[in-house]
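Right, one structure below, let's go through it.
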Amino acid sequence: MPSSPDRPRAPLAVTCGEPAGIGPEVVARARARTSAPFFVLGNPDHFAGFGIETRTIDAPADARSDILCILPHDVPGAAIPGQPVGAQAAGVISAIARAVDLATTGAASGIVTAPINKKALKDGAGFPHPGHTEYLAALGGDADVVMMLACPELRVVPATIHIPLSQVPATLTPATLETVLRVTHAGLIRDFGIARPRIAVAGLNPHAGEGGTMGREEVDWIADLVIRLAPDLGCFGPLPADTMFHAAARAGYDAAVCMYHDQALIPIKTIDFAGGVNVTLGLPFIRTSPDHGTAFDIAGRGLADPTSMVAAIEMAWDMAGRRG
Ligand SMILES: NC(=O)C1=CN([C@@H]2O[C@H](COP(=O)(O)OP(=O)(O)OC[C@H]3O[C@@H](n4cnc5c(N)ncnc54)[C@H](O)[C@@H]3O)[C@@H](O)[C@H]2O)C=CC1
Ligand SMILES: NCC(=O)COP(=O)(O)O
């Protein structure tokens with residue numbers, strides 16, 4: 001059942017992510033750093049040992065904000081830092097689907113995903129998706145979704161996501177870029193409260209092609225598309241990507257739509273790796289995630305910084321409040 005202004009919001013559903021990674025640690029440590037209500041779906045044993053009091057609950061409505069509440073989910077066996085266990089992969093995946101069900105029925109206000117290791121899920125359970133974003137799009141009825149990474153100084157959207165660089169030019173089409181721009185525009189209004197979003201569009205090629213001398217996509221179609229959509233979507237460009245992320249340039253837009261994964265993610269992870277949040281726009285439910293991955297190199301060593309997980313939880317909670 002969806003929430004409304006006169007009914008208390010349901011807690012957030014946090015997924016356990018890869019047990020061999022830093023997900024359980026950052027979820028546990030996040031509990032002490034935010035008052036937003038959440039529970040985590042996973043194996044309670046995986047959340048012990050972080051010095052955070054835990055409690056197993058029977059239903060989302062039992063979640064409390066002063067204690068780490070765990071709704072048990074079948075992810076069998078011990079968590080071994082840095083070493084994924086094949087038999088756990090199916091549970092990691094089904095926890096995501098269960099969280100989506102809870103959000104869809106209103107038992108959860110939204111979902112926050114702890115990081116998964118894509119290779120571990122492929123090896124362990126044949127996971128066919130390159131990441132959460134694509135899996136959630138499928139669970140959301142093949143929704144047109146957009147990956148946005150956001151921190152206080154910058155929001156970026158990669159128009160193509162988890163594909164080889166060699167496939168980017170063929171995957172980018174006027175139709176796909178138009179969809180990305182429309183979903184981004186709608187998300188900035190709905191979830192970030194920006195009445196008239198300004199969207200900067202990066203070029204694909206060095207110097208945004210420099211008039212066709214370094215690649216033709218910009219002159220062949222990107223510029224025309226951006227001009228056509230500008231009155232509706234407040235977009236402009238294509239801009240040379242190397243000069244659109246310095247502080248003065250960032251002040252001129254609310255989000256930068258980039259052509260491929262690293263063009264978008266390198267600037268934001270450089271500016272604010274600790275505080276960045278990954279949010280999926282276009283889904284019929286709220287989903288955020290920390291910007292980092294499973295970090296096997298530091299798992300189990302007490303070094304994981306929970307700041308991004310805290311920011312992801314608080315962003316999802318704010319969005320839930322905004323949506324009502
Ligand atoms: N939302 C998700 O499920 C995401 C999953 N991944 C997956 O994570 C796996 C590892 O990816 P990598 O590229 O190595 O990125 P990573 O983010 O896991 O690690 C990169 C570097 O940052 C450090 N680091 C990451 N998070 C940290 C934290 N909270 N505190 C302190 N240091 C931290 C790590 O120790 C490592 O040196 C891959 O399988 C990737 O696909 C990556 C990004 C997001
Ligand atoms: N590099 C971002 C990333 O891998 C996160 O992807 P997703 O699992 O949120 O789709």
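Identifiers in this document derive from the order of the structure tokens: chains are assigned A, B, ..., residues are numbered from 1 separately in each chain, and ligands are numbered from 1 in order of occurrence.
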
Pull the closest atom pair for each residue of stretch 37-108 of chain A that gets at most 9 Å from stretch 297-308 of chain A, along with the distance in Å to one decimal, counting only C-alpha atoms, ordering rows by chain and then ascending residue number, as JSON lines.
{"residue": "A:Phe50", "atom": "CA", "partner": "A:Gly302", "partner_atom": "CA", "distance": 8.0}
{"residue": "A:Ile80", "atom": "CA", "partner": "A:Gly300", "partner_atom": "CA", "distance": 8.2}
{"residue": "A:Pro81", "atom": "CA", "partner": "A:Ala299", "partner_atom": "CA", "distance": 5.2}
{"residue": "A:Gly82", "atom": "CA", "partner": "A:Ala299", "partner_atom": "CA", "distance": 6.0}

Env. residues ligand 1 / 10 Å / only C-alpha atoms and all ligand atoms / as a ChimeraX atom specification | /A:17-18,21-23,25-26,112-121,130-133,162,269,273-275,277-279,288-299,302-309

Same residues, N, CA and C atoms, output as a short mmCIF file (atom, residue, chain, number, x, y, z; two decimals), in the first residue's frame:
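Everything below was put into out-v1.cif:
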data_model
loop_
_atom_site.label_atom_id
_atom_site.label_comp_id
_atom_site.auth_asym_id
_atom_site.auth_seq_id
_atom_site.Cartn_x
_atom_site.Cartn_y
_atom_site.Cartn_z
N GLY A 17 23.57 -7.55 -0.37
CA GLY A 17 24.70 -7.51 -1.29
C GLY A 17 25.60 -8.72 -1.11
N GLU A 18 26.80 -8.64 -1.65
CA GLU A 18 27.74 -9.75 -1.63
C GLU A 18 28.31 -9.95 -0.21
N GLY A 21 31.98 -9.17 0.49
CA GLY A 21 32.43 -7.79 0.32
C GLY A 21 32.17 -6.94 1.56
N ILE A 22 32.24 -5.63 1.37
CA ILE A 22 32.08 -4.71 2.51
C ILE A 22 30.62 -4.32 2.75
N GLY A 23 29.70 -4.88 1.96
CA GLY A 23 28.29 -4.51 2.11
C GLY A 23 27.78 -4.67 3.53
N GLU A 25 29.28 -4.82 6.31
CA GLU A 25 29.95 -3.89 7.25
C GLU A 25 29.41 -2.47 7.11
N VAL A 26 29.27 -1.98 5.87
CA VAL A 26 28.80 -0.60 5.74
C VAL A 26 27.32 -0.46 6.13
N VAL A 112 17.39 0.05 -0.96
CA VAL A 112 18.78 0.49 -0.98
C VAL A 112 19.61 -0.78 -1.13
N THR A 113 20.42 -0.83 -2.16
CA THR A 113 21.14 -2.07 -2.43
C THR A 113 22.59 -1.96 -1.97
N ALA A 114 23.03 -2.93 -1.19
CA ALA A 114 24.47 -3.04 -0.89
C ALA A 114 25.13 -3.65 -2.13
N PRO A 115 26.43 -3.41 -2.31
CA PRO A 115 27.06 -3.80 -3.57
C PRO A 115 27.08 -5.31 -3.82
N ILE A 116 26.89 -5.64 -5.08
CA ILE A 116 27.04 -7.02 -5.54
C ILE A 116 28.32 -7.12 -6.36
N ASN A 117 28.84 -8.34 -6.42
CA ASN A 117 29.98 -8.60 -7.29
C ASN A 117 29.43 -9.33 -8.51
N LYS A 118 29.46 -8.64 -9.63
CA LYS A 118 28.78 -9.16 -10.81
C LYS A 118 29.33 -10.52 -11.23
N LYS A 119 30.63 -10.66 -11.16
CA LYS A 119 31.25 -11.92 -11.58
C LYS A 119 30.87 -13.06 -10.62
N ALA A 120 30.84 -12.75 -9.32
CA ALA A 120 30.48 -13.79 -8.35
C ALA A 120 29.05 -14.28 -8.60
N LEU A 121 28.15 -13.38 -8.95
CA LEU A 121 26.76 -13.78 -9.19
C LEU A 121 26.63 -14.54 -10.50
N PRO A 130 24.24 -7.36 -16.18
CA PRO A 130 25.54 -6.78 -15.84
C PRO A 130 25.55 -6.00 -14.53
N GLY A 131 24.39 -5.72 -13.96
CA GLY A 131 24.36 -4.98 -12.70
C GLY A 131 22.94 -4.89 -12.16
N HIS A 132 22.83 -4.26 -10.98
CA HIS A 132 21.50 -4.03 -10.41
C HIS A 132 20.59 -3.29 -11.39
N THR A 133 21.16 -2.24 -12.01
CA THR A 133 20.33 -1.33 -12.79
C THR A 133 19.52 -2.10 -13.84
N HIS A 162 26.82 -0.59 -18.64
CA HIS A 162 27.81 -1.67 -18.47
C HIS A 162 28.03 -2.39 -19.79
N LYS A 269 33.40 10.20 -8.87
CA LYS A 269 34.14 9.41 -7.87
C LYS A 269 35.44 10.11 -7.48
N PHE A 273 34.11 10.46 -3.69
CA PHE A 273 33.93 8.99 -3.64
C PHE A 273 33.17 8.60 -2.37
N ALA A 274 33.50 9.26 -1.28
CA ALA A 274 32.88 8.86 -0.01
C ALA A 274 31.39 9.17 0.02
N GLY A 275 30.99 10.26 -0.62
CA GLY A 275 29.61 10.71 -0.45
C GLY A 275 28.69 10.45 -1.63
N VAL A 277 26.18 8.78 -4.37
CA VAL A 277 25.05 7.84 -4.32
C VAL A 277 24.66 7.48 -5.74
N ASN A 278 24.39 6.21 -5.94
CA ASN A 278 23.90 5.70 -7.22
C ASN A 278 22.38 5.58 -7.09
N VAL A 279 21.66 6.26 -7.96
CA VAL A 279 20.19 6.19 -7.91
C VAL A 279 19.67 5.79 -9.28
N THR A 288 18.24 3.34 -4.36
CA THR A 288 19.55 3.97 -4.30
C THR A 288 20.57 2.93 -3.87
N SER A 289 21.83 3.33 -3.93
CA SER A 289 22.93 2.42 -3.60
C SER A 289 24.15 3.27 -3.32
N PRO A 290 25.10 2.79 -2.52
CA PRO A 290 26.37 3.52 -2.45
C PRO A 290 27.05 3.50 -3.81
N ASP A 291 27.99 4.42 -4.01
CA ASP A 291 28.65 4.48 -5.33
C ASP A 291 29.79 3.46 -5.46
N HIS A 292 30.15 2.83 -4.35
CA HIS A 292 31.30 1.93 -4.41
C HIS A 292 30.87 0.48 -4.58
N GLY A 293 31.86 -0.38 -4.78
CA GLY A 293 31.58 -1.79 -4.99
C GLY A 293 31.90 -2.63 -3.77
N THR A 294 32.24 -3.89 -4.03
CA THR A 294 32.38 -4.87 -2.95
C THR A 294 33.72 -4.77 -2.22
N ALA A 295 34.69 -4.10 -2.84
CA ALA A 295 35.99 -3.83 -2.18
C ALA A 295 36.54 -5.05 -1.45
N PHE A 296 36.73 -6.13 -2.17
CA PHE A 296 37.26 -7.35 -1.55
C PHE A 296 38.61 -7.10 -0.87
N ASP A 297 39.36 -6.12 -1.39
CA ASP A 297 40.71 -5.89 -0.84
C ASP A 297 40.69 -5.43 0.62
N ILE A 298 39.56 -4.84 1.07
CA ILE A 298 39.51 -4.37 2.46
C ILE A 298 38.43 -5.08 3.27
N ALA A 299 37.71 -6.02 2.66
CA ALA A 299 36.60 -6.67 3.37
C ALA A 299 37.13 -7.41 4.60
N GLY A 302 37.78 -4.01 8.79
CA GLY A 302 37.32 -2.86 9.58
C GLY A 302 37.69 -1.52 8.97
N LEU A 303 37.96 -1.49 7.67
CA LEU A 303 38.41 -0.25 7.02
C LEU A 303 37.32 0.42 6.18
N ALA A 304 36.20 -0.27 6.01
CA ALA A 304 35.19 0.24 5.07
C ALA A 304 34.50 1.50 5.61
N ASP A 305 34.45 2.51 4.80
CA ASP A 305 33.80 3.78 5.17
C ASP A 305 32.31 3.69 4.82
N PRO A 306 31.41 3.85 5.79
CA PRO A 306 29.98 3.73 5.51
C PRO A 306 29.33 5.00 4.97
N THR A 307 30.11 6.06 4.71
CA THR A 307 29.51 7.36 4.38
C THR A 307 28.60 7.27 3.16
N SER A 308 29.03 6.55 2.13
CA SER A 308 28.22 6.47 0.91
C SER A 308 26.93 5.69 1.17
N MET A 309 27.02 4.64 1.99
CA MET A 309 25.80 3.88 2.34
C MET A 309 24.84 4.77 3.13
#

Q.
I'd like the contact shell of A:Val183 - 8 Å cut-off, only C-alpha atoms, skipping same-chain residues fewer than 2 positions apart - returned as a VMD selection string.
A. chain A and resid 144 to 146 179 to 181 185 to 187 281 to 282

From the list A:Thr176, A:Thr213, A:Thr15, A:Thr243, the nearest residue to ligand 2 using only C-alpha atoms and all ligand atoms is A:Thr15

Do you have, as a Markdown table, the list of residues of stretch 93-202 of chain A lying at most 6 Å from stretch 250-266 of chain A, each with its nearest atom pair and that distance in Å to one decimal, counting only C-alpha atoms and ordered by chain then number?
| residue | atom | partner | partner_atom | distance |
| --- | --- | --- | --- | --- |
| A:Arg155 | CA | A:Ala255 | CA | 4.7 |
| A:Val156 | CA | A:Ala256 | CA | 4.8 |
| A:Val157 | CA | A:Val257 | CA | 4.7 |
| A:Pro158 | CA | A:Cys258 | CA | 4.8 |
| A:Ala159 | CA | A:Met259 | CA | 5.0 |
| A:Thr160 | CA | A:Tyr260 | CA | 5.0 |
| A:Ile161 | CA | A:His261 | CA | 5.2 |
| A:Arg198 | CA | A:Tyr253 | CA | 4.9 |
| A:Ile199 | CA | A:Ala255 | CA | 5.1 |
| A:Ala200 | CA | A:Ala256 | CA | 4.7 |
| A:Val201 | CA | A:Val257 | CA | 4.9 |
| A:Ala202 | CA | A:Cys258 | CA | 5.0 |

Writing out the chosen residues with N, CA and C atoms as a PDB file, in the first residue's frame:
ATOM      1  N   ARG A 155      25.829  15.826 -10.375  1.00  0.00           N
ATOM      2  CA  ARG A 155      25.027  14.648 -10.741  1.00  0.00           C
ATOM      3  C   ARG A 155      25.431  14.253 -12.148  1.00  0.00           C
ATOM      4  N   VAL A 156      25.654  12.963 -12.354  1.00  0.00           N
ATOM      5  CA  VAL A 156      26.055  12.491 -13.680  1.00  0.00           C
ATOM      6  C   VAL A 156      25.197  11.301 -14.081  1.00  0.00           C
ATOM      7  N   VAL A 157      25.003  11.171 -15.374  1.00  0.00           N
ATOM      8  CA  VAL A 157      24.228  10.060 -15.927  1.00  0.00           C
ATOM      9  C   VAL A 157      25.021   9.480 -17.098  1.00  0.00           C
ATOM     10  N   PRO A 158      25.404   8.218 -17.032  1.00  0.00           N
ATOM     11  CA  PRO A 158      25.992   7.606 -18.224  1.00  0.00           C
ATOM     12  C   PRO A 158      24.872   7.109 -19.153  1.00  0.00           C
ATOM     13  N   ALA A 159      24.872   7.579 -20.398  1.00  0.00           N
ATOM     14  CA  ALA A 159      23.789   7.203 -21.325  1.00  0.00           C
ATOM     15  C   ALA A 159      23.897   5.745 -21.747  1.00  0.00           C
ATOM     16  N   THR A 160      25.107   5.216 -21.755  1.00  0.00           N
ATOM     17  CA  THR A 160      25.295   3.766 -21.888  1.00  0.00           C
ATOM     18  C   THR A 160      25.947   3.323 -20.595  1.00  0.00           C
ATOM     19  N   ILE A 161      25.710   2.075 -20.186  1.00  0.00           N
ATOM     20  CA  ILE A 161      26.139   1.726 -18.824  1.00  0.00           C
ATOM     21  C   ILE A 161      27.221   0.640 -18.848  1.00  0.00           C
ATOM     22  N   ARG A 198      18.443  21.941 -15.688  1.00  0.00           N
ATOM     23  CA  ARG A 198      19.381  22.257 -16.775  1.00  0.00           C
ATOM     24  C   ARG A 198      20.277  21.037 -16.943  1.00  0.00           C
ATOM     25  N   ILE A 199      20.305  20.501 -18.137  1.00  0.00           N
ATOM     26  CA  ILE A 199      21.028  19.253 -18.376  1.00  0.00           C
ATOM     27  C   ILE A 199      22.128  19.489 -19.408  1.00  0.00           C
ATOM     28  N   ALA A 200      23.362  19.314 -18.980  1.00  0.00           N
ATOM     29  CA  ALA A 200      24.494  19.424 -19.908  1.00  0.00           C
ATOM     30  C   ALA A 200      24.723  18.064 -20.562  1.00  0.00           C
ATOM     31  N   VAL A 201      24.962  18.089 -21.863  1.00  0.00           N
ATOM     32  CA  VAL A 201      25.184  16.836 -22.593  1.00  0.00           C
ATOM     33  C   VAL A 201      26.633  16.818 -23.069  1.00  0.00           C
ATOM     34  N   ALA A 202      27.333  15.746 -22.722  1.00  0.00           N
ATOM     35  CA  ALA A 202      28.731  15.605 -23.147  1.00  0.00           C
ATOM     36  C   ALA A 202      28.804  15.117 -24.589  1.00  0.00           C
TER      37      ALA A 202
END

If you count only C-alpha atoms and all ligand atoms, the residue of A:Leu165, A:Met147, A:Ala247, A:Ala108 closest to ligand 2 turns out to be A:Met147

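Those residues that approach A:Ala107 to within 12 Å, counting only C-alpha atoms, are Met1, Pro2, Ser3, Pro8, Arg9, Ala10, Pro11, Leu12, Ala13, Phe38, Phe39, Ala59, Pro60, Ala61, Asp62, Ala63, Arg98, Ala99, Val100, Asp101 and Phe285 of chain A; same-chain residues fewer than 6 positions away are not listed.
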
Any chance you could export the current selection's N, CA and C atoms as an mmCIF file, in the first residue's frame?
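Result file is out_14.cif:
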data_model
loop_
_atom_site.group_PDB
_atom_site.id
_atom_site.type_symbol
_atom_site.label_atom_id
_atom_site.label_comp_id
_atom_site.auth_asym_id
_atom_site.auth_seq_id
_atom_site.Cartn_x
_atom_site.Cartn_y
_atom_site.Cartn_z
ATOM 1 N N MET A 1 0.849 -1.182 0.000
ATOM 2 C CA MET A 1 0.000 0.000 0.000
ATOM 3 C C MET A 1 0.902 1.257 0.000
ATOM 4 N N PRO A 2 0.701 2.172 -0.917
ATOM 5 C CA PRO A 2 1.556 3.351 -0.913
ATOM 6 C C PRO A 2 1.325 4.209 0.319
ATOM 7 N N SER A 3 2.372 4.948 0.716
ATOM 8 C CA SER A 3 2.213 5.801 1.885
ATOM 9 C C SER A 3 1.516 7.092 1.478
ATOM 10 N N PRO A 8 2.328 7.025 8.510
ATOM 11 C CA PRO A 8 3.785 6.948 8.625
ATOM 12 C C PRO A 8 4.369 6.175 7.453
ATOM 13 N N ARG A 9 5.533 6.641 6.997
ATOM 14 C CA ARG A 9 6.194 5.941 5.888
ATOM 15 C C ARG A 9 6.722 4.586 6.339
ATOM 16 N N ALA A 10 6.657 3.618 5.453
ATOM 17 C CA ALA A 10 7.250 2.308 5.727
ATOM 18 C C ALA A 10 8.774 2.453 5.745
ATOM 19 N N PRO A 11 9.472 1.553 6.420
ATOM 20 C CA PRO A 11 10.934 1.631 6.416
ATOM 21 C C PRO A 11 11.490 1.272 5.035
ATOM 22 N N LEU A 12 12.754 1.556 4.843
ATOM 23 C CA LEU A 12 13.447 1.162 3.614
ATOM 24 C C LEU A 12 13.902 -0.287 3.734
ATOM 25 N N ALA A 13 13.921 -0.977 2.600
ATOM 26 C CA ALA A 13 14.481 -2.330 2.542
ATOM 27 C C ALA A 13 15.903 -2.237 1.983
ATOM 28 N N PHE A 38 15.214 1.663 8.514
ATOM 29 C CA PHE A 38 15.463 0.630 7.496
ATOM 30 C C PHE A 38 15.645 -0.712 8.169
ATOM 31 N N PHE A 39 15.483 -1.752 7.371
ATOM 32 C CA PHE A 39 15.846 -3.111 7.791
ATOM 33 C C PHE A 39 16.661 -3.703 6.656
ATOM 34 N N ALA A 59 8.831 -9.025 10.289
ATOM 35 C CA ALA A 59 8.114 -8.269 9.252
ATOM 36 C C ALA A 59 8.706 -6.873 9.157
ATOM 37 N N PRO A 60 8.660 -6.248 7.985
ATOM 38 C CA PRO A 60 9.212 -4.899 7.827
ATOM 39 C C PRO A 60 8.690 -3.911 8.857
ATOM 40 N N ALA A 61 7.424 -4.043 9.209
ATOM 41 C CA ALA A 61 6.836 -3.070 10.142
ATOM 42 C C ALA A 61 7.482 -3.118 11.522
ATOM 43 N N ASP A 62 8.236 -4.185 11.815
ATOM 44 C CA ASP A 62 8.905 -4.294 13.119
ATOM 45 C C ASP A 62 10.232 -3.536 13.158
ATOM 46 N N ALA A 63 10.642 -2.955 12.032
ATOM 47 C CA ALA A 63 11.955 -2.300 11.983
ATOM 48 C C ALA A 63 12.009 -1.116 12.932
ATOM 49 N N ARG A 98 13.154 -9.743 -3.662
ATOM 50 C CA ARG A 98 12.229 -9.641 -2.518
ATOM 51 C C ARG A 98 12.084 -8.186 -2.059
ATOM 52 N N ALA A 99 13.181 -7.468 -2.057
ATOM 53 C CA ALA A 99 13.106 -6.046 -1.680
ATOM 54 C C ALA A 99 12.201 -5.278 -2.648
ATOM 55 N N VAL A 100 12.322 -5.614 -3.924
ATOM 56 C CA VAL A 100 11.460 -4.956 -4.919
ATOM 57 C C VAL A 100 9.994 -5.273 -4.635
ATOM 58 N N ASP A 101 9.711 -6.533 -4.309
ATOM 59 C CA ASP A 101 8.319 -6.904 -3.971
ATOM 60 C C ASP A 101 7.817 -6.086 -2.783
ATOM 61 N N PHE A 285 9.596 2.235 -8.358
ATOM 62 C CA PHE A 285 9.887 2.280 -6.919
ATOM 63 C C PHE A 285 11.220 3.012 -6.764
#

I need the residues of stretch 3-196 of chain A that end up classed as alpha helix (DSSP H) by DSSP on the backbone, written out as a ChimeraX atom specification. /A:23-31,89-105,118-125,132-139,168-171,174-192

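Here atom CA of A:Ala36 and atom CA of A:Ile286 stand 14.7 Å from one another.
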